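Trainee: Please read through the structure below; I'll follow up with questions.
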Amino acid sequence: MKARESYISLIFSYKASFTLIVFIALILVFSLLSPNHVFVKSDNLGALGKLIPDLGIISMGVGMLMIGGEFDLSVASIIPMSSFIFVKMLEWQFPMPLIPFITILVGIVMGYINGLLVTKVKIPSFIATLGTMMFWRGVLYAASRMMPIGIRAYLEPGTLFEKILVGTIKGGIPVQILWLIFFTLILGFLLHFHKFGNWVFVTGDNRIAARAMGINTDMVKIVCFMIVGFLCSFMSMMQALRIESFAATQGIGYELKAIASSVVGGTSLAGGIGSVPGILLGTLTIQILENGLILLGAPVFGINAFIGAGIIAFAVLNVYIEKWKTV
Amino acid sequence: MDNLNNNKPLVEMKDIHKWFGKVYALRGVDFHVNYNEIVGLVGDNGAGKSTLIKILSGFHTADRGEIYFEGKKVNIRTPKDAKNLGIETVYQEQALAPHVSIARNVFMGREPTKILGFLDRKKMEKDSLETIAKLGLKLRNPDTVVEALSGGQRQGVAIARVLYFKAKLVILDEPTIALSVKESQQVMEFIKQLKEEGISVIFITHNLYHAFQIAERFVVLSHGEKLTDVKREDTNIDDLSLLITSGKKVSEKMSE
Ligand SMILES: Nc1ncnc2c1ncn2[C@@H]1O[C@H](COP(=O)(O)OP(=O)(O)OP(=O)(O)O)[C@@H](O)[C@H]1O
Ligand SMILES: [Mg+2]
């Protein structure tokens, strides 16, 4: 009796349960309806295997930050900024072992700045990170003149570094998948099994209570912003190596797609609710929706319209589910 | 019972003054709580009750006056200072994170860990339910989110927290506000239970019927001054309510 009760409440306490149904339905629909079932062919799965980790790694950080009660729109600029610095360091022939660490430091510092603006200057995160998003993008466009920089002139193919970040393992599975699993596990354990995770939840859920209980909520938020920055920089290197260049358009749209993934995965916009498995599922759902629609022949440039409509439909259904639950 | 210095109060506030800009909120209040005693702090809206206890719990500092805790003069500047002394405050809305589980709420900010800061979830689950049970409240699943509990049960979770962490003095500012009759009764049982555990309690309320059930002594504030300090056996609800509404000193009923 008790086990059954908690089992049911556990399933329904995560809005993500509904997402799981949608996710499975989408896979079935796209598998059956895509021309020649191309959705499940290895070429497409391989492409998905490279795309999903890009968004997934960012969504993990953004979702965790949202559970802590804050937004980060500046991921859209942290990604290309660190990609730019990464590729520039290749061009300048920096010692190879230093390059990834400096790149990641860039992201962490940018996250730290966001954290300070939000907690110390006390600007709402939506505004603060909108500001830093535009600021860094402006700096980037000025510094790069928006010109792409190929990496092959400075980095021969097949280095160990490249294999570690974007190689393939047995059966042609992209290493990026392993990185996504790695970060999912690390952040999953941190959020759900570590005391820091508890602080993130209670900070997002009831900041006054958290403070009254002696939790340094400013520190919690700053660390979450820094984790987002770290993940952006890490992903930017993966992306630059995969497309073999820095591109000024990198990161555009990631800020909202990451928020959408988190929300579709059951994260509350108000903070305090969410889960790492949910965020992963949300990312998969969003990315598969996009991919499947393209395969079904939806116009590529109008694809956002479909995804947007999908997200709204999802949110509406969720409201009904919530109502039905509380009856 | 195990306190040898029973003649000395647990906490003593002397000549406390507090200004908020031009508002003279506390005008030289003397206030004390004995070991293992439930004190009802009553008075009209704006009398200064919350201000007085916030000085004790470190949210405000007094502009003048002294605080003695267990006989020693103390400086309480932050909520943390108060906690370190064993003074815990329970607020109706501010205490709990609604979407987080009972166990995680009880241990909020003081989580038991195993290695590298990873939570000792078994201990959290077991100890939270045990402590809640000590209050006479039966909850079965420590993973239930607080939002799913009744108002009275929520108070129970908040009070279990201060019980578990061995508070010496628990301050409850209107813990029965917005609760049903039954839930209020439940909270009163929790407070009795705290006394059973040897803890002193300051209970702020506008409901004299609630206060009369559990408080052993009443302190009445009016416009920042102490009107009276009287044992329960030396007063009754009618006298007290008249005193609160008229706001006049009744010196012959002072217990000291
Ligand atoms: N932070 C503050 N800033 C300015 N004035 C304050 C502040 N807190 C309390 N006051 C004022 O101090 C006086 C006492 O307020 P207090 O909250 O202590 O009253 P109370 O007895 O708790 O009243 P109630 O029963 O309504 O809760 C009031 O005049 C109030 O307006
Ligand atoms: Mg008050």
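So you can find residues: chains in the structure tokens are A, B, ... in the order shown, residues in each start at 1, and ligands are numbered from 1 in order.
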Can you list, as an MDAnalysis selection string, all residues belonging to stretch 141-177 of chain B that DSSP tags as alpha helix (DSSP H)?

Mentor: chainID B and resid 151:164

Trainee: At a cut-off of 9 Å, using only C-alpha atoms, what residues contact B:Ala160? Leave out same-chain residues fewer than 6 positions from it and give the result as a PyMOL selection string.

Mentor: chain B and resi 106+128-129+131-135+190

Trainee: Counting only C-alpha atoms and all ligand atoms, give me one row per residue of chain B with an atom at most 8 Å from an atom of ligand 1, showing the shortest contact pair and its distance in Å to one decimal, sorted by chain then residue number, as a tab-separated table.

Mentor:
```
residue	atom	partner	partner_atom_place_in_ligand_line	distance
B:Trp19	CA	ligand 1	12 (O)	7.8
B:Phe20	CA	ligand 1	4 (C)	4.7
B:Gly21	CA	ligand 1	4 (C)	6.9
B:Val23	CA	ligand 1	5 (N)	6.3
B:Tyr24	CA	ligand 1	12 (O)	7.1
B:Ala25	CA	ligand 1	12 (O)	4.4
B:Leu26	CA	ligand 1	14 (C)	7.4
B:Val42	CA	ligand 1	21 (O)	7.7
B:Gly43	CA	ligand 1	21 (O)	6.2
B:Asp44	CA	ligand 1	25 (O)	5.7
B:Asn45	CA	ligand 1	26 (O)	3.4
B:Gly46	CA	ligand 1	19 (O)	3.4
B:Ala47	CA	ligand 1	21 (O)	3.8
B:Gly48	CA	ligand 1	18 (O)	3.1
B:Lys49	CA	ligand 1	21 (O)	3.7
B:Ser50	CA	ligand 1	22 (O)	3.6
B:Thr51	CA	ligand 1	18 (O)	3.7
B:Leu52	CA	ligand 1	18 (O)	6.4
B:Thr205	CA	ligand 1	25 (O)	7.6
B:His206	CA	ligand 1	25 (O)	6.9
B:Leu221	CA	ligand 1	21 (O)	7.4
B:Ser222	CA	ligand 1	21 (O)	7.9
B:His223	CA	ligand 1	14 (C)	7.5
B:Gly224	CA	ligand 1	14 (C)	6.9
```

Trainee: Fewer than 2 positions away in the same chain doesn't count, so skip those; otherwise give me all residues within 8 Å of A:Val220, counting only C-alpha atoms, as a VMD selection string.

Mentor: chain A and resid 68 196 199 to 200 203 216 to 218 222 to 224

Trainee: Restrict the selected residues to all heavy atoms and save them as a tab-separated table (two decimals), in the first residue's frame.

Mentor:
```tsv
chain	number	residue	atom	x	y	z
A	68	GLY	N	17.58	26.57	-9.00
A	68	GLY	CA	18.05	27.51	-7.98
A	68	GLY	C	17.39	28.87	-8.07
A	68	GLY	O	17.69	29.76	-7.28
A	196	PHE	N	24.98	20.12	-1.56
A	196	PHE	CA	24.90	21.32	-2.39
A	196	PHE	C	23.60	21.32	-3.21
A	196	PHE	O	22.95	22.35	-3.37
A	196	PHE	CB	26.11	21.44	-3.32
A	196	PHE	CG	26.07	22.67	-4.17
A	196	PHE	CD1	26.40	23.90	-3.62
A	196	PHE	CD2	25.68	22.62	-5.50
A	196	PHE	CE1	26.33	25.06	-4.38
A	196	PHE	CE2	25.61	23.77	-6.27
A	196	PHE	CZ	25.95	24.99	-5.70
A	199	TRP	N	20.80	22.53	-1.23
A	199	TRP	CA	20.84	23.99	-1.11
A	199	TRP	C	20.28	24.65	-2.37
A	199	TRP	O	19.61	25.67	-2.29
A	199	TRP	CB	22.28	24.48	-0.88
A	199	TRP	CG	22.91	23.95	0.37
A	199	TRP	CD1	22.28	23.26	1.38
A	199	TRP	CD2	24.28	24.02	0.74
A	199	TRP	NE1	23.19	22.91	2.34
A	199	TRP	CE2	24.42	23.37	1.99
A	199	TRP	CE3	25.41	24.58	0.15
A	199	TRP	CZ2	25.64	23.27	2.64
A	199	TRP	CZ3	26.63	24.48	0.80
A	199	TRP	CH2	26.74	23.83	2.02
A	200	VAL	N	20.58	24.05	-3.54
A	200	VAL	CA	20.07	24.61	-4.79
A	200	VAL	C	18.54	24.57	-4.77
A	200	VAL	O	17.87	25.57	-5.06
A	200	VAL	CB	20.61	23.84	-6.01
A	200	VAL	CG1	19.93	24.33	-7.30
A	200	VAL	CG2	22.13	24.00	-6.13
A	203	THR	N	17.11	26.98	-2.09
A	203	THR	CA	17.35	28.37	-2.49
A	203	THR	C	16.31	28.81	-3.52
A	203	THR	O	15.75	29.90	-3.44
A	203	THR	CB	18.77	28.54	-3.06
A	203	THR	OG1	19.71	28.23	-2.04
A	203	THR	CG2	19.01	29.96	-3.54
A	216	ASN	N	24.15	29.96	2.50
A	216	ASN	CA	24.62	31.13	1.77
A	216	ASN	C	24.04	31.08	0.35
A	216	ASN	O	24.66	30.54	-0.57
A	216	ASN	CB	26.14	31.14	1.76
A	216	ASN	CG	26.70	32.39	1.11
A	216	ASN	OD1	26.00	33.11	0.41
A	216	ASN	ND2	27.97	32.64	1.34
A	217	THR	N	22.87	31.65	0.20
A	217	THR	CA	22.16	31.50	-1.08
A	217	THR	C	22.88	32.25	-2.21
A	217	THR	O	22.80	31.82	-3.35
A	217	THR	CB	20.71	32.01	-0.96
A	217	THR	OG1	20.72	33.36	-0.51
A	217	THR	CG2	19.91	31.17	0.02
A	218	ASP	N	23.57	33.33	-1.88
A	218	ASP	CA	24.34	34.03	-2.92
A	218	ASP	C	25.42	33.11	-3.48
A	218	ASP	O	25.61	33.01	-4.69
A	218	ASP	CB	24.99	35.30	-2.34
A	218	ASP	CG	23.98	36.40	-2.12
A	218	ASP	OD1	22.80	36.20	-2.48
A	218	ASP	OD2	24.36	37.46	-1.58
A	222	ILE	N	25.87	31.83	-7.29
A	222	ILE	CA	27.10	32.13	-8.04
A	222	ILE	C	27.73	30.84	-8.56
A	222	ILE	O	28.15	30.76	-9.72
A	222	ILE	CB	28.10	32.92	-7.16
A	222	ILE	CG1	27.55	34.34	-6.90
A	222	ILE	CG2	29.47	33.00	-7.83
A	222	ILE	CD1	28.37	35.14	-5.89
A	223	VAL	N	27.78	29.82	-7.72
A	223	VAL	CA	28.36	28.55	-8.16
A	223	VAL	C	27.55	27.97	-9.33
A	223	VAL	O	28.12	27.46	-10.30
A	223	VAL	CB	28.43	27.54	-6.98
A	223	VAL	CG1	28.79	26.15	-7.49
A	223	VAL	CG2	29.45	28.00	-5.96
A	224	CYS	N	26.23	28.08	-9.27
A	224	CYS	CA	25.41	27.58	-10.38
A	224	CYS	C	25.72	28.34	-11.67
A	224	CYS	O	25.83	27.74	-12.74
A	224	CYS	CB	23.92	27.70	-10.05
A	224	CYS	SG	23.36	26.48	-8.87
```

Trainee: Using only C-alpha atoms, which of the listed residues (B:Arg217, B:Arg121, B:Lys126, B:Lys182) sits closest to chain A?

Mentor: B:Arg121

Trainee: Could you please write out, as a list in words, every residue of stretch 152-224 of chain B that DSSP assigns to strand (DSSP E)?

Mentor: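 Those in stretch 152-224 of chain B that DSSP calls strand (DSSP E) are Leu169, Val170, Ile171, Leu172, Asp173, Ser200, Val201, Ile202, Phe203, Ile204, Arg217, Phe218, Val219, Val220, Leu221 and Ser222 of chain B.
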
Trainee: Counting only C-alpha atoms, which residues of chain A fall within 10 Å of chain B, and what is the closest atom pair for each with its distance in Å at one decimal, ordered by chain and rising number, as a Markdown table?

Mentor:
```
| residue | atom | partner | partner_atom | distance |
| --- | --- | --- | --- | --- |
| A:Lys2 | CA | B:Asn141 | CA | 8.3 |
| A:Ala3 | CA | B:Asn141 | CA | 9.6 |
| A:Glu5 | CA | B:Asn141 | CA | 9.6 |
| A:Ser6 | CA | B:Asn141 | CA | 7.7 |
| A:Ser9 | CA | B:Thr144 | CA | 8.5 |
| A:Leu10 | CA | B:Asp143 | CA | 8.9 |
| A:Ser13 | CA | B:Val145 | CA | 9.0 |
| A:Phe189 | CA | B:Phe118 | CA | 8.5 |
| A:Leu190 | CA | B:Phe118 | CA | 8.0 |
| A:His192 | CA | B:Leu119 | CA | 8.9 |
| A:Phe193 | CA | B:Leu119 | CA | 5.6 |
| A:His194 | CA | B:Phe118 | CA | 4.1 |
| A:Lys195 | CA | B:Leu119 | CA | 5.7 |
| A:Phe196 | CA | B:Gly117 | CA | 7.8 |
| A:Gly197 | CA | B:Phe118 | CA | 9.4 |
| A:Asn198 | CA | B:Arg104 | CA | 7.1 |
| A:Trp199 | CA | B:Gly109 | CA | 6.9 |
| A:Phe201 | CA | B:Val100 | CA | 7.2 |
| A:Val202 | CA | B:Ala97 | CA | 5.7 |
| A:Thr203 | CA | B:Ala97 | CA | 8.4 |
| A:Gly204 | CA | B:Ala97 | CA | 8.7 |
| A:Asp205 | CA | B:Ala97 | CA | 5.4 |
| A:Asn206 | CA | B:Ala97 | CA | 5.1 |
| A:Arg207 | CA | B:Ala97 | CA | 8.3 |
| A:Ile208 | CA | B:Gln94 | CA | 6.2 |
| A:Ala209 | CA | B:Ala95 | CA | 4.9 |
| A:Ala210 | CA | B:Gly109 | CA | 7.1 |
| A:Arg211 | CA | B:Gly109 | CA | 8.7 |
| A:Ala212 | CA | B:Pro79 | CA | 7.0 |
| A:Met213 | CA | B:Gly109 | CA | 5.6 |
| A:Gly214 | CA | B:Gly109 | CA | 6.1 |
| A:Ile215 | CA | B:Gly109 | CA | 5.4 |
| A:Asn216 | CA | B:Gly109 | CA | 9.0 |
| A:Gly271 | CA | B:His99 | CA | 9.5 |
| A:Gly272 | CA | B:His99 | CA | 6.4 |
| A:Ile273 | CA | B:His99 | CA | 6.5 |
| A:Gly274 | CA | B:His99 | CA | 9.8 |
```

Trainee: For the residues selected in the previous step, produce a file with C-alpha atoms as a PDB file, in the first residue's frame.

Mentor:
```pdb
ATOM      1  CA  LYS A   2       2.633   2.463   1.067  1.00  0.00           C
ATOM      2  CA  ALA A   3       5.038   1.441  -1.657  1.00  0.00           C
ATOM      3  CA  GLU A   5       1.343   5.188  -2.986  1.00  0.00           C
ATOM      4  CA  SER A   6       4.863   6.603  -3.031  1.00  0.00           C
ATOM      5  CA  SER A   9       3.288  10.070  -6.244  1.00  0.00           C
ATOM      6  CA  LEU A  10       6.904   9.855  -7.361  1.00  0.00           C
ATOM      7  CA  SER A  13       5.497  14.534  -8.837  1.00  0.00           C
ATOM      8  CA  PHE A 189      24.606  13.128  -8.214  1.00  0.00           C
ATOM      9  CA  LEU A 190      25.432  16.687  -7.242  1.00  0.00           C
ATOM     10  CA  HIS A 192      20.016  14.870  -6.012  1.00  0.00           C
ATOM     11  CA  PHE A 193      22.480  13.238  -3.637  1.00  0.00           C
ATOM     12  CA  HIS A 194      24.823  15.985  -2.450  1.00  0.00           C
ATOM     13  CA  LYS A 195      24.089  18.626   0.157  1.00  0.00           C
ATOM     14  CA  PHE A 196      24.896  21.325  -2.391  1.00  0.00           C
ATOM     15  CA  GLY A 197      21.984  20.026  -4.475  1.00  0.00           C
ATOM     16  CA  ASN A 198      19.700  20.396  -1.486  1.00  0.00           C
ATOM     17  CA  TRP A 199      20.843  23.989  -1.109  1.00  0.00           C
ATOM     18  CA  PHE A 201      16.527  23.290  -4.372  1.00  0.00           C
ATOM     19  CA  VAL A 202      15.723  25.188  -1.186  1.00  0.00           C
ATOM     20  CA  THR A 203      17.346  28.375  -2.487  1.00  0.00           C
ATOM     21  CA  GLY A 204      15.074  28.261  -5.515  1.00  0.00           C
ATOM     22  CA  ASP A 205      12.045  27.156  -3.551  1.00  0.00           C
ATOM     23  CA  ASN A 206      12.163  29.489  -0.562  1.00  0.00           C
ATOM     24  CA  ARG A 207      15.193  31.717  -0.411  1.00  0.00           C
ATOM     25  CA  ILE A 208      14.170  33.366   2.859  1.00  0.00           C
ATOM     26  CA  ALA A 209      13.892  29.996   4.583  1.00  0.00           C
ATOM     27  CA  ALA A 210      17.200  28.862   3.146  1.00  0.00           C
ATOM     28  CA  ARG A 211      18.905  31.990   4.436  1.00  0.00           C
ATOM     29  CA  ALA A 212      17.269  31.686   7.819  1.00  0.00           C
ATOM     30  CA  MET A 213      18.714  28.184   8.023  1.00  0.00           C
ATOM     31  CA  GLY A 214      22.177  29.548   7.404  1.00  0.00           C
ATOM     32  CA  ILE A 215      22.551  28.634   3.730  1.00  0.00           C
ATOM     33  CA  ASN A 216      24.615  31.134   1.774  1.00  0.00           C
ATOM     34  CA  GLY A 271      12.557  27.566  -9.176  1.00  0.00           C
ATOM     35  CA  GLY A 272      12.621  24.764  -6.622  1.00  0.00           C
ATOM     36  CA  ILE A 273      11.311  22.019  -8.894  1.00  0.00           C
ATOM     37  CA  GLY A 274      13.128  19.918 -11.461  1.00  0.00           C
TER      38      GLY A 274
END
```

Trainee: Which neighbours of A:Asp72 fall inside 9 Å, counting only C-alpha atoms, when residues of the same chain fewer than 5 positions from it are skipped, and could you give them as number ranges by chain?

Mentor: A: 62, 65-66, 111, 114, 125-126, 128-130, 133, 225, 228, 255, 259

Trainee: Put those residues in a file: C-alpha atoms, as a JSON list (two decimals), in the first residue's frame.

Mentor:
```
[["chain", "number", "residue", "atom", "x", "y", "z"],
["A", 62, "VAL", "CA", 20.76, 26.09, -17.29],
["A", 65, "LEU", "CA", 20.38, 27.20, -12.33],
["A", 66, "MET", "CA", 16.63, 27.46, -12.91],
["A", 111, "GLY", "CA", 29.55, 32.85, -15.20],
["A", 114, "ASN", "CA", 26.74, 36.93, -14.06],
["A", 125, "SER", "CA", 18.92, 37.44, -13.67],
["A", 126, "PHE", "CA", 16.73, 37.74, -16.74],
["A", 128, "ALA", "CA", 21.46, 40.88, -16.01],
["A", 129, "THR", "CA", 22.16, 38.00, -18.38],
["A", 130, "LEU", "CA", 20.29, 39.69, -21.21],
["A", 133, "MET", "CA", 24.54, 38.30, -23.57],
["A", 225, "PHE", "CA", 26.24, 30.44, -12.76],
["A", 228, "VAL", "CA", 26.78, 27.05, -16.55],
["A", 255, "GLU", "CA", 19.67, 30.26, -24.39],
["A", 259, "ILE", "CA", 15.28, 26.90, -21.07]]
```

Trainee: Using only C-alpha atoms and all ligand atoms, which of B:Phe218, B:Tyr164, B:Tyr68, B:Phe203 sits nearest ligand 2?

Mentor: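 Answer, going by the shortest atom-to-atom distance: B:Phe203.
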
Trainee: May I ask for the distance between atom CA of B:Val11 and atom CA of B:Val33, given in Å to one decimal place?

Mentor: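 Those two atoms sit 5.4 Å apart.
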
Trainee: For A:Ile151, work out the shell of residues within 6 Å, counting only C-alpha atoms and skipping chain neighbours fewer than 2 positions away, then give it as a list of chain:residue names.

Mentor: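 What passes the distance filter is A:Ala153, A:Tyr154, A:Leu155, A:Glu244, A:Ser245.
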
Trainee: Using N, CA and C atoms, can you export the residues from the last selection as a PDB file, in the first residue's frame?

Mentor:
```pdb
ATOM      1  N   ALA A 153      44.235  24.875 -40.127  1.00  0.00           N
ATOM      2  CA  ALA A 153      45.549  25.457 -40.370  1.00  0.00           C
ATOM      3  C   ALA A 153      46.432  25.337 -39.134  1.00  0.00           C
ATOM      4  N   TYR A 154      45.781  25.193 -37.954  1.00  0.00           N
ATOM      5  CA  TYR A 154      46.562  25.220 -36.713  1.00  0.00           C
ATOM      6  C   TYR A 154      46.545  23.883 -35.967  1.00  0.00           C
ATOM      7  N   LEU A 155      45.639  23.006 -36.328  1.00  0.00           N
ATOM      8  CA  LEU A 155      45.501  21.748 -35.584  1.00  0.00           C
ATOM      9  C   LEU A 155      45.294  20.626 -36.584  1.00  0.00           C
ATOM     10  N   GLU A 244      34.940  22.276 -37.153  1.00  0.00           N
ATOM     11  CA  GLU A 244      36.306  22.597 -37.567  1.00  0.00           C
ATOM     12  C   GLU A 244      36.545  24.089 -37.751  1.00  0.00           C
ATOM     13  N   SER A 245      35.817  24.898 -36.992  1.00  0.00           N
ATOM     14  CA  SER A 245      36.072  26.341 -37.058  1.00  0.00           C
ATOM     15  C   SER A 245      35.370  27.052 -35.908  1.00  0.00           C
TER      16      SER A 245
END
```

Trainee: Which neighbours of B:Lys192 fall inside 12 Å, counting only C-alpha atoms, when residues of the same chain fewer than 2 positions from it are skipped, and could you give them as number ranges by chain?

Mentor: B: 36-39, 134-136, 159, 170, 185-190, 194-203, 211, 213-216

Trainee: Hey, can you spit out that residue selection with N, CA and C atoms as a PDB file, in the first residue's frame?

Mentor:
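This went into out23.pdb:
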```pdb
ATOM      1  N   ASN B  36      12.690  25.874  30.817  1.00  0.00           N
ATOM      2  CA  ASN B  36      11.562  24.963  30.657  1.00  0.00           C
ATOM      3  C   ASN B  36      10.218  25.633  30.938  1.00  0.00           C
ATOM      4  N   GLU B  37      10.064  26.830  30.391  1.00  0.00           N
ATOM      5  CA  GLU B  37       8.842  27.593  30.639  1.00  0.00           C
ATOM      6  C   GLU B  37       8.230  28.026  29.305  1.00  0.00           C
ATOM      7  N   ILE B  38       6.904  28.032  29.247  1.00  0.00           N
ATOM      8  CA  ILE B  38       6.217  28.556  28.063  1.00  0.00           C
ATOM      9  C   ILE B  38       5.667  29.936  28.408  1.00  0.00           C
ATOM     10  N   VAL B  39       6.166  30.954  27.692  1.00  0.00           N
ATOM     11  CA  VAL B  39       5.703  32.318  27.934  1.00  0.00           C
ATOM     12  C   VAL B  39       4.831  32.759  26.774  1.00  0.00           C
ATOM     13  N   LYS B 134       7.989  12.142  17.753  1.00  0.00           N
ATOM     14  CA  LYS B 134       8.116  12.620  19.132  1.00  0.00           C
ATOM     15  C   LYS B 134       7.109  13.709  19.435  1.00  0.00           C
ATOM     16  N   LEU B 135       6.739  14.464  18.420  1.00  0.00           N
ATOM     17  CA  LEU B 135       5.753  15.533  18.601  1.00  0.00           C
ATOM     18  C   LEU B 135       4.341  14.980  18.607  1.00  0.00           C
ATOM     19  N   GLY B 136       4.225  13.681  18.402  1.00  0.00           N
ATOM     20  CA  GLY B 136       2.896  13.080  18.360  1.00  0.00           C
ATOM     21  C   GLY B 136       2.254  13.183  16.990  1.00  0.00           C
ATOM     22  N   ILE B 159       8.727  22.519  13.563  1.00  0.00           N
ATOM     23  CA  ILE B 159       9.047  22.394  14.989  1.00  0.00           C
ATOM     24  C   ILE B 159       9.958  21.186  15.224  1.00  0.00           C
ATOM     25  N   VAL B 170      12.750  28.135  21.949  1.00  0.00           N
ATOM     26  CA  VAL B 170      12.075  28.174  20.655  1.00  0.00           C
ATOM     27  C   VAL B 170      11.091  29.341  20.645  1.00  0.00           C
ATOM     28  N   GLN B 185      -5.009  23.182  17.384  1.00  0.00           N
ATOM     29  CA  GLN B 185      -4.928  22.279  18.530  1.00  0.00           C
ATOM     30  C   GLN B 185      -3.688  21.406  18.421  1.00  0.00           C
ATOM     31  N   GLN B 186      -3.464  20.939  17.191  1.00  0.00           N
ATOM     32  CA  GLN B 186      -2.306  20.089  16.916  1.00  0.00           C
ATOM     33  C   GLN B 186      -1.008  20.844  17.242  1.00  0.00           C
ATOM     34  N   VAL B 187      -0.930  22.092  16.808  1.00  0.00           N
ATOM     35  CA  VAL B 187       0.279  22.878  17.051  1.00  0.00           C
ATOM     36  C   VAL B 187       0.487  23.081  18.543  1.00  0.00           C
ATOM     37  N   MET B 188      -0.612  23.280  19.267  1.00  0.00           N
ATOM     38  CA  MET B 188      -0.498  23.452  20.716  1.00  0.00           C
ATOM     39  C   MET B 188       0.071  22.193  21.371  1.00  0.00           C
ATOM     40  N   GLU B 189      -0.327  21.036  20.836  1.00  0.00           N
ATOM     41  CA  GLU B 189       0.239  19.777  21.335  1.00  0.00           C
ATOM     42  C   GLU B 189       1.743  19.727  21.087  1.00  0.00           C
ATOM     43  N   PHE B 190       2.153  20.194  19.910  1.00  0.00           N
ATOM     44  CA  PHE B 190       3.590  20.204  19.606  1.00  0.00           C
ATOM     45  C   PHE B 190       4.332  21.047  20.639  1.00  0.00           C
ATOM     46  N   LEU B 194       7.391  20.176  23.197  1.00  0.00           N
ATOM     47  CA  LEU B 194       8.687  20.853  23.330  1.00  0.00           C
ATOM     48  C   LEU B 194       9.030  21.041  24.804  1.00  0.00           C
ATOM     49  N   LYS B 195       8.025  21.429  25.587  1.00  0.00           N
ATOM     50  CA  LYS B 195       8.256  21.614  27.023  1.00  0.00           C
ATOM     51  C   LYS B 195       8.637  20.286  27.672  1.00  0.00           C
ATOM     52  N   GLU B 196       7.945  19.223  27.267  1.00  0.00           N
ATOM     53  CA  GLU B 196       8.293  17.887  27.773  1.00  0.00           C
ATOM     54  C   GLU B 196       9.765  17.567  27.539  1.00  0.00           C
ATOM     55  N   GLU B 197      10.283  18.073  26.404  1.00  0.00           N
ATOM     56  CA  GLU B 197      11.684  17.812  26.070  1.00  0.00           C
ATOM     57  C   GLU B 197      12.619  18.780  26.775  1.00  0.00           C
ATOM     58  N   GLY B 198      12.070  19.619  27.641  1.00  0.00           N
ATOM     59  CA  GLY B 198      12.915  20.516  28.426  1.00  0.00           C
ATOM     60  C   GLY B 198      13.237  21.835  27.754  1.00  0.00           C
ATOM     61  N   ILE B 199      12.505  22.149  26.686  1.00  0.00           N
ATOM     62  CA  ILE B 199      12.792  23.365  25.921  1.00  0.00           C
ATOM     63  C   ILE B 199      11.880  24.502  26.397  1.00  0.00           C
ATOM     64  N   SER B 200      12.418  25.713  26.433  1.00  0.00           N
ATOM     65  CA  SER B 200      11.597  26.881  26.747  1.00  0.00           C
ATOM     66  C   SER B 200      10.982  27.436  25.471  1.00  0.00           C
ATOM     67  N   VAL B 201       9.805  28.058  25.611  1.00  0.00           N
ATOM     68  CA  VAL B 201       9.085  28.518  24.428  1.00  0.00           C
ATOM     69  C   VAL B 201       8.555  29.927  24.640  1.00  0.00           C
ATOM     70  N   ILE B 202       8.743  30.783  23.632  1.00  0.00           N
ATOM     71  CA  ILE B 202       8.028  32.066  23.589  1.00  0.00           C
ATOM     72  C   ILE B 202       6.964  31.925  22.512  1.00  0.00           C
ATOM     73  N   PHE B 203       5.731  32.157  22.903  1.00  0.00           N
ATOM     74  CA  PHE B 203       4.606  31.910  22.018  1.00  0.00           C
ATOM     75  C   PHE B 203       3.871  33.232  21.800  1.00  0.00           C
ATOM     76  N   ALA B 211      -3.364  30.864  23.819  1.00  0.00           N
ATOM     77  CA  ALA B 211      -2.293  31.169  24.761  1.00  0.00           C
ATOM     78  C   ALA B 211      -2.608  30.581  26.136  1.00  0.00           C
ATOM     79  N   GLN B 213      -4.221  27.998  26.979  1.00  0.00           N
ATOM     80  CA  GLN B 213      -4.095  26.548  27.088  1.00  0.00           C
ATOM     81  C   GLN B 213      -2.684  26.109  27.454  1.00  0.00           C
ATOM     82  N   ILE B 214      -1.689  26.874  26.995  1.00  0.00           N
ATOM     83  CA  ILE B 214      -0.331  26.351  27.157  1.00  0.00           C
ATOM     84  C   ILE B 214       0.616  27.260  27.919  1.00  0.00           C
ATOM     85  N   ALA B 215       0.398  28.578  27.869  1.00  0.00           N
ATOM     86  CA  ALA B 215       1.386  29.480  28.475  1.00  0.00           C
ATOM     87  C   ALA B 215       1.285  29.434  29.995  1.00  0.00           C
ATOM     88  N   GLU B 216       2.450  29.485  30.655  1.00  0.00           N
ATOM     89  CA  GLU B 216       2.454  29.493  32.119  1.00  0.00           C
ATOM     90  C   GLU B 216       2.551  30.914  32.637  1.00  0.00           C
TER      91      GLU B 216
END
```

Trainee: Find the spatial neighbours of B:Ile204, counting only C-alpha atoms, within a cut-off of 7 Å - ignore same-chain residues fewer than 4 positions away - and output them as a list of chain:residue names.

Mentor: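 So, after excluding close chain neighbours, the residues are B:Gly40, B:Leu41, B:Val42, B:Leu172, B:Asp173, B:Glu174.
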
Trainee: Given only C-alpha atoms as the basis, pick out the residue of B:Val29, B:Ala167, B:Leu139, B:Leu149 nearest to B:Val219.

Mentor: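 Going through B:Val29, B:Ala167, B:Leu139, B:Leu149 one by one, the smallest distance to B:Val219 is for B:Val29.
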
Trainee: What's the separation between atom CA of A:Gly63 and atom CA of A:Thr267, in Å to one decimal place?

Mentor: 6.8 Å

Trainee: Go through B:Ile76, B:Val162, B:Leu85, B:Ile177 and flag the residue nearest ligand 2, using only C-alpha atoms and all ligand atoms for the distances.

Mentor: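 So, comparing all the options, the nearest one is B:Ile177.
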
Trainee: Tell me, in Å to one decimal, how far atom CA of A:Glu91 is from atom CA of A:Pro174.

Mentor: 25.9 Å
